[in-house]
Amino acid sequence: MSRLAAVFGMLVIAMTPRPAFGWGAPGGGPGEFAAPTGIVIDHHDRVLVMDTNNARIQRFTIDGSYIDGWGSEGAAPGQFQNAEFLAVDTNDTVFVADFRNNRVQVFSPEGVFVRQWGMLGAGTGQFHSPLGIAVASDGRVYVSDTGNHRVQMFTGTGQWLGQFGGGGVVPGKFGIPAGIAIDLNGRVLVADYTNHRIQRFTADGVYVDGFGELGSKAGQLNLPIAVAVAGNGPILVAEAGNMRVQRFDATGAPTGFLSEGLEAPFGVTIDGAGMVLVAETAANRITPFADPSTPARRTTWGALKRRFGPDNENGRPR
């Protein structure tokens, strides 16, 4: 698991036993992982995974077959130190929040380094441990600046556009802003990790609403680390503390659990056919689930065939 996760106290050693399925295994070879964290699906149905402790990005087909990868440990352009989350724009340009290097790195769709911006600090365009990152359809880049308790906004070339947040517990403030997602209307959803809630903002950072409170019941959250949204709903939240992915509708009302008993779920993403991918950091694997609230179509992953249906509440193989 990543050092960031260890600092946040996310790893729970005693895991709930569950069937092993999905793809990936511990290691440093192609298709293997050492703490997979952020995950995103590009516009060509390729899956990009931030392999944090291997300091690289790996890319797979939608069915889990390895394509390629890039990156190594360090501070030079194209290298990473504890990078956790990544995002793609409409052209499949890749953006990475490089946590320990306090910068954003940008790569071409082929994985070639393009540019970077940021440095350690609290000023405009500076970062203190950037974590979550998302790119809107208009190209605006949102970065959760965890140590400065804010979200900063940039153009795709790194021009600073503004910021919102600040430390606190009142609406619009953050404990530790983590994962970010953007819905169909351009609203920005931020996982407020230590305040145990999801907050929603306009594209310009004006607070709209929020949902969640500390707990383990439906609608409650415990250390939400990542958020994903399909259109304007459903909203999926990966909870580090409750070791599950919980589903909410567009209003923020809970509608069930995609899965429970996960092994340190850190990243979550939704494809265009109702399939959800979860990065299980402690298990070093990517796990697919069919979301009953969307029209799932895929039934195969790599060499494994899994069947899903409306009677399979958690989206697990029958």
# chains A, B, ... in the order shown; residues from 1 in each chain; ligands from 1

$ select_by_dssp --residues "range 108-279 of chain A" --states "strand (DSSP E or B)" --output "ChimeraX atom specification"
/A:113-117,120,127,130-135,141-145,150-154,160-165,167,174,177-182,188-192,197-201,207-211,214,221,224-229,235-239,244-248,254-259,265-270,275-279

$ residues_around --residues "Val104 in chain A" --least-positions-apart "5" --cutoff "9 Å" --atoms "only C-alpha atoms" --output "list in words"
Phe95, Val96, Ala97, Asp98, Phe99, Arg115, Gln116, Trp117, Gly118, Pro130, Ile133, Val143 and Gly158 of chain A

$ write_last_selection --atoms "N, CA and C atoms" --output "PDB file, in the first residue's frame"
ATOM      1  N   PHE A  95      -3.089  13.345 -17.027  1.00  0.00           N
ATOM      2  CA  PHE A  95      -2.677  14.287 -15.985  1.00  0.00           C
ATOM      3  C   PHE A  95      -2.483  13.506 -14.685  1.00  0.00           C
ATOM      4  N   VAL A  96      -1.373  13.754 -14.002  1.00  0.00           N
ATOM      5  CA  VAL A  96      -1.039  13.023 -12.779  1.00  0.00           C
ATOM      6  C   VAL A  96      -0.749  14.001 -11.650  1.00  0.00           C
ATOM      7  N   ALA A  97      -1.368  13.777 -10.499  1.00  0.00           N
ATOM      8  CA  ALA A  97      -1.030  14.513  -9.282  1.00  0.00           C
ATOM      9  C   ALA A  97       0.145  13.790  -8.623  1.00  0.00           C
ATOM     10  N   ASP A  98       1.320  14.369  -8.735  1.00  0.00           N
ATOM     11  CA  ASP A  98       2.568  13.749  -8.269  1.00  0.00           C
ATOM     12  C   ASP A  98       2.797  14.180  -6.824  1.00  0.00           C
ATOM     13  N   PHE A  99       2.328  13.375  -5.898  1.00  0.00           N
ATOM     14  CA  PHE A  99       2.138  13.728  -4.491  1.00  0.00           C
ATOM     15  C   PHE A  99       3.399  14.265  -3.813  1.00  0.00           C
ATOM     16  N   ARG A 115       4.602  18.240 -20.106  1.00  0.00           N
ATOM     17  CA  ARG A 115       4.889  19.423 -19.290  1.00  0.00           C
ATOM     18  C   ARG A 115       4.617  19.102 -17.824  1.00  0.00           C
ATOM     19  N   GLN A 116       4.988  20.036 -16.951  1.00  0.00           N
ATOM     20  CA  GLN A 116       4.686  19.935 -15.533  1.00  0.00           C
ATOM     21  C   GLN A 116       4.518  21.329 -14.960  1.00  0.00           C
ATOM     22  N   TRP A 117       3.827  21.405 -13.828  1.00  0.00           N
ATOM     23  CA  TRP A 117       3.761  22.671 -13.107  1.00  0.00           C
ATOM     24  C   TRP A 117       3.578  22.397 -11.619  1.00  0.00           C
ATOM     25  N   GLY A 118       3.973  23.388 -10.813  1.00  0.00           N
ATOM     26  CA  GLY A 118       3.824  23.292  -9.372  1.00  0.00           C
ATOM     27  C   GLY A 118       5.143  23.100  -8.657  1.00  0.00           C
ATOM     28  N   PRO A 130      -0.301  17.273  -3.483  1.00  0.00           N
ATOM     29  CA  PRO A 130      -1.491  17.155  -4.329  1.00  0.00           C
ATOM     30  C   PRO A 130      -1.918  15.698  -4.458  1.00  0.00           C
ATOM     31  N   ILE A 133      -7.231  14.511  -8.720  1.00  0.00           N
ATOM     32  CA  ILE A 133      -7.158  15.319  -9.933  1.00  0.00           C
ATOM     33  C   ILE A 133      -8.275  14.897 -10.873  1.00  0.00           C
ATOM     34  N   VAL A 143      -7.317  20.146  -8.945  1.00  0.00           N
ATOM     35  CA  VAL A 143      -6.341  19.393  -8.161  1.00  0.00           C
ATOM     36  C   VAL A 143      -6.621  19.608  -6.679  1.00  0.00           C
ATOM     37  N   GLY A 158      -1.510  24.567 -17.407  1.00  0.00           N
ATOM     38  CA  GLY A 158      -0.983  24.937 -16.098  1.00  0.00           C
ATOM     39  C   GLY A 158      -1.223  26.365 -15.664  1.00  0.00           C
TER      40      GLY A 158
END

$ closest_atom_pairs --of "range 185-239 of chain A" --to "range 151-155 of chain A" --cutoff "12 Å" --atoms "only C-alpha atoms" --output "tab-separated table"
residue	atom	partner	partner_atom	distance
A:Val188	CA	A:Val151	CA	10.1
A:Leu189	CA	A:Val151	CA	10.8
A:Val190	CA	A:Val151	CA	8.7
A:Ala191	CA	A:Val151	CA	11.1
A:Asp192	CA	A:Val151	CA	10.9
A:Gln199	CA	A:Val151	CA	11.7
A:Arg200	CA	A:Val151	CA	12.0
A:Phe201	CA	A:Val151	CA	10.7
A:Ala203	CA	A:Met153	CA	9.4
A:Asp204	CA	A:Met153	CA	8.5
A:Gly205	CA	A:Val151	CA	8.4
A:Val206	CA	A:Val151	CA	11.5

$ residues_around --residues "Ile41 in chain A" --least-positions-apart "2" --cutoff "10 Å" --atoms "only C-alpha atoms" --output "JSON, numbers by chain"
{"A": [39, 43, 44, 45, 46, 47, 48, 49, 59, 60, 61, 62, 87, 88, 92, 269, 270, 271, 272, 277]}

$ select_by_dssp --residues "range 14-261 of chain A" --states "helix (DSSP H, G or I)" --output "PyMOL selection string"
chain A and resi 52-54+146-148+193-195

$ closest_residue --among "A:Ile57, A:Ala178, A:Leu86, A:Ile198" --to "Val141 in chain A" --atoms "only C-alpha atoms"
A:Leu86

$ residues_around --residues "range 239-251 of chain A" --least-positions-apart "2" --cutoff "10 Å" --atoms "only C-alpha atoms" --output "ChimeraX atom specification"
/A:5,8-12,15-16,183,191,193,196,209-211,214-237,253-268,278,280,291,293,314

$ write_last_selection --atoms "C-alpha atoms" --output "PDB file, in the first residue's frame"
ATOM      1  CA  ALA A   5      -2.379   5.537   2.721  1.00  0.00           C
ATOM      2  CA  PHE A   8      -3.833   8.271   6.748  1.00  0.00           C
ATOM      3  CA  GLY A   9      -4.214   4.961   8.601  1.00  0.00           C
ATOM      4  CA  MET A  10      -6.192   3.296   5.839  1.00  0.00           C
ATOM      5  CA  LEU A  11      -4.780  -0.225   5.905  1.00  0.00           C
ATOM      6  CA  VAL A  12      -6.772  -2.759   7.890  1.00  0.00           C
ATOM      7  CA  MET A  15      -9.814  -8.384   5.851  1.00  0.00           C
ATOM      8  CA  THR A  16     -13.211  -9.948   5.253  1.00  0.00           C
ATOM      9  CA  ASP A 183     -20.635  15.294 -13.353  1.00  0.00           C
ATOM     10  CA  ALA A 191     -14.218  13.461  -1.314  1.00  0.00           C
ATOM     11  CA  TYR A 193     -11.621  12.501   3.570  1.00  0.00           C
ATOM     12  CA  HIS A 196     -16.358  11.951   6.093  1.00  0.00           C
ATOM     13  CA  ASP A 209     -24.402  20.863  -1.345  1.00  0.00           C
ATOM     14  CA  GLY A 210     -22.943  17.817   0.342  1.00  0.00           C
ATOM     15  CA  PHE A 211     -23.812  14.476   1.880  1.00  0.00           C
ATOM     16  CA  LEU A 214     -19.115   9.530   9.990  1.00  0.00           C
ATOM     17  CA  GLY A 215     -20.557   6.048  10.416  1.00  0.00           C
ATOM     18  CA  SER A 216     -21.078   2.652   8.799  1.00  0.00           C
ATOM     19  CA  LYS A 217     -24.811   2.732   8.043  1.00  0.00           C
ATOM     20  CA  ALA A 218     -26.280   3.414   4.621  1.00  0.00           C
ATOM     21  CA  GLY A 219     -25.605   7.033   3.688  1.00  0.00           C
ATOM     22  CA  GLN A 220     -22.816   7.367   6.236  1.00  0.00           C
ATOM     23  CA  LEU A 221     -19.145   7.454   5.258  1.00  0.00           C
ATOM     24  CA  ASN A 222     -15.841   6.579   6.863  1.00  0.00           C
ATOM     25  CA  LEU A 223     -12.784   8.128   5.213  1.00  0.00           C
ATOM     26  CA  PRO A 224     -14.103   8.555   1.660  1.00  0.00           C
ATOM     27  CA  ILE A 225     -11.012   8.552  -0.526  1.00  0.00           C
ATOM     28  CA  ALA A 226     -12.351   8.444  -4.096  1.00  0.00           C
ATOM     29  CA  VAL A 227     -15.529   9.413  -5.925  1.00  0.00           C
ATOM     30  CA  ALA A 228     -16.818   8.622  -9.409  1.00  0.00           C
ATOM     31  CA  VAL A 229     -19.976   9.665 -11.210  1.00  0.00           C
ATOM     32  CA  ALA A 230     -21.718   8.392 -14.337  1.00  0.00           C
ATOM     33  CA  GLY A 231     -23.297  11.410 -16.042  1.00  0.00           C
ATOM     34  CA  ASN A 232     -25.269  12.998 -13.220  1.00  0.00           C
ATOM     35  CA  GLY A 233     -25.639   9.746 -11.312  1.00  0.00           C
ATOM     36  CA  PRO A 234     -25.149   7.260  -9.846  1.00  0.00           C
ATOM     37  CA  ILE A 235     -22.349   8.531  -7.613  1.00  0.00           C
ATOM     38  CA  LEU A 236     -19.926   5.912  -6.296  1.00  0.00           C
ATOM     39  CA  VAL A 237     -17.759   6.513  -3.237  1.00  0.00           C
ATOM     40  CA  ALA A 253     -29.411   9.844  -1.276  1.00  0.00           C
ATOM     41  CA  PRO A 254     -27.929   6.371  -0.610  1.00  0.00           C
ATOM     42  CA  THR A 255     -29.113   3.621  -2.942  1.00  0.00           C
ATOM     43  CA  GLY A 256     -27.065   0.632  -1.794  1.00  0.00           C
ATOM     44  CA  PHE A 257     -23.590  -0.846  -1.674  1.00  0.00           C
ATOM     45  CA  LEU A 258     -21.742  -1.895  -4.780  1.00  0.00           C
ATOM     46  CA  SER A 259     -19.515  -4.104  -2.658  1.00  0.00           C
ATOM     47  CA  GLU A 260     -18.354  -4.509   0.923  1.00  0.00           C
ATOM     48  CA  GLY A 261     -15.338  -6.254   2.441  1.00  0.00           C
ATOM     49  CA  LEU A 262     -12.913  -4.815  -0.094  1.00  0.00           C
ATOM     50  CA  GLU A 263      -9.179  -4.782   0.578  1.00  0.00           C
ATOM     51  CA  ALA A 264      -8.325  -1.096   0.915  1.00  0.00           C
ATOM     52  CA  PRO A 265     -10.375   0.339  -1.972  1.00  0.00           C
ATOM     53  CA  PHE A 266      -8.558   3.461  -3.137  1.00  0.00           C
ATOM     54  CA  GLY A 267      -9.680   4.161  -6.702  1.00  0.00           C
ATOM     55  CA  VAL A 268     -13.008   3.727  -8.481  1.00  0.00           C
ATOM     56  CA  VAL A 278     -12.158  -0.721  -8.181  1.00  0.00           C
ATOM     57  CA  GLU A 280      -7.991  -2.718  -4.233  1.00  0.00           C
ATOM     58  CA  ASP A 291     -23.550  -1.821 -11.272  1.00  0.00           C
ATOM     59  CA  SER A 293     -28.285   0.803 -11.427  1.00  0.00           C
ATOM     60  CA  ASN A 314     -23.312  -6.659  -4.774  1.00  0.00           C
TER      61      ASN A 314
END

$ atom_distance --atom1 "CA of Gly139 in chain A" --atom2 "CA of Ile286 in chain A"
27.6 Å

$ residues_around --residues "Ala136 in chain A" --least-positions-apart "2" --cutoff "8 Å" --atoms "only C-alpha atoms" --output "PyMOL selection string"
chain A and resi 89+134+138-141+182+186
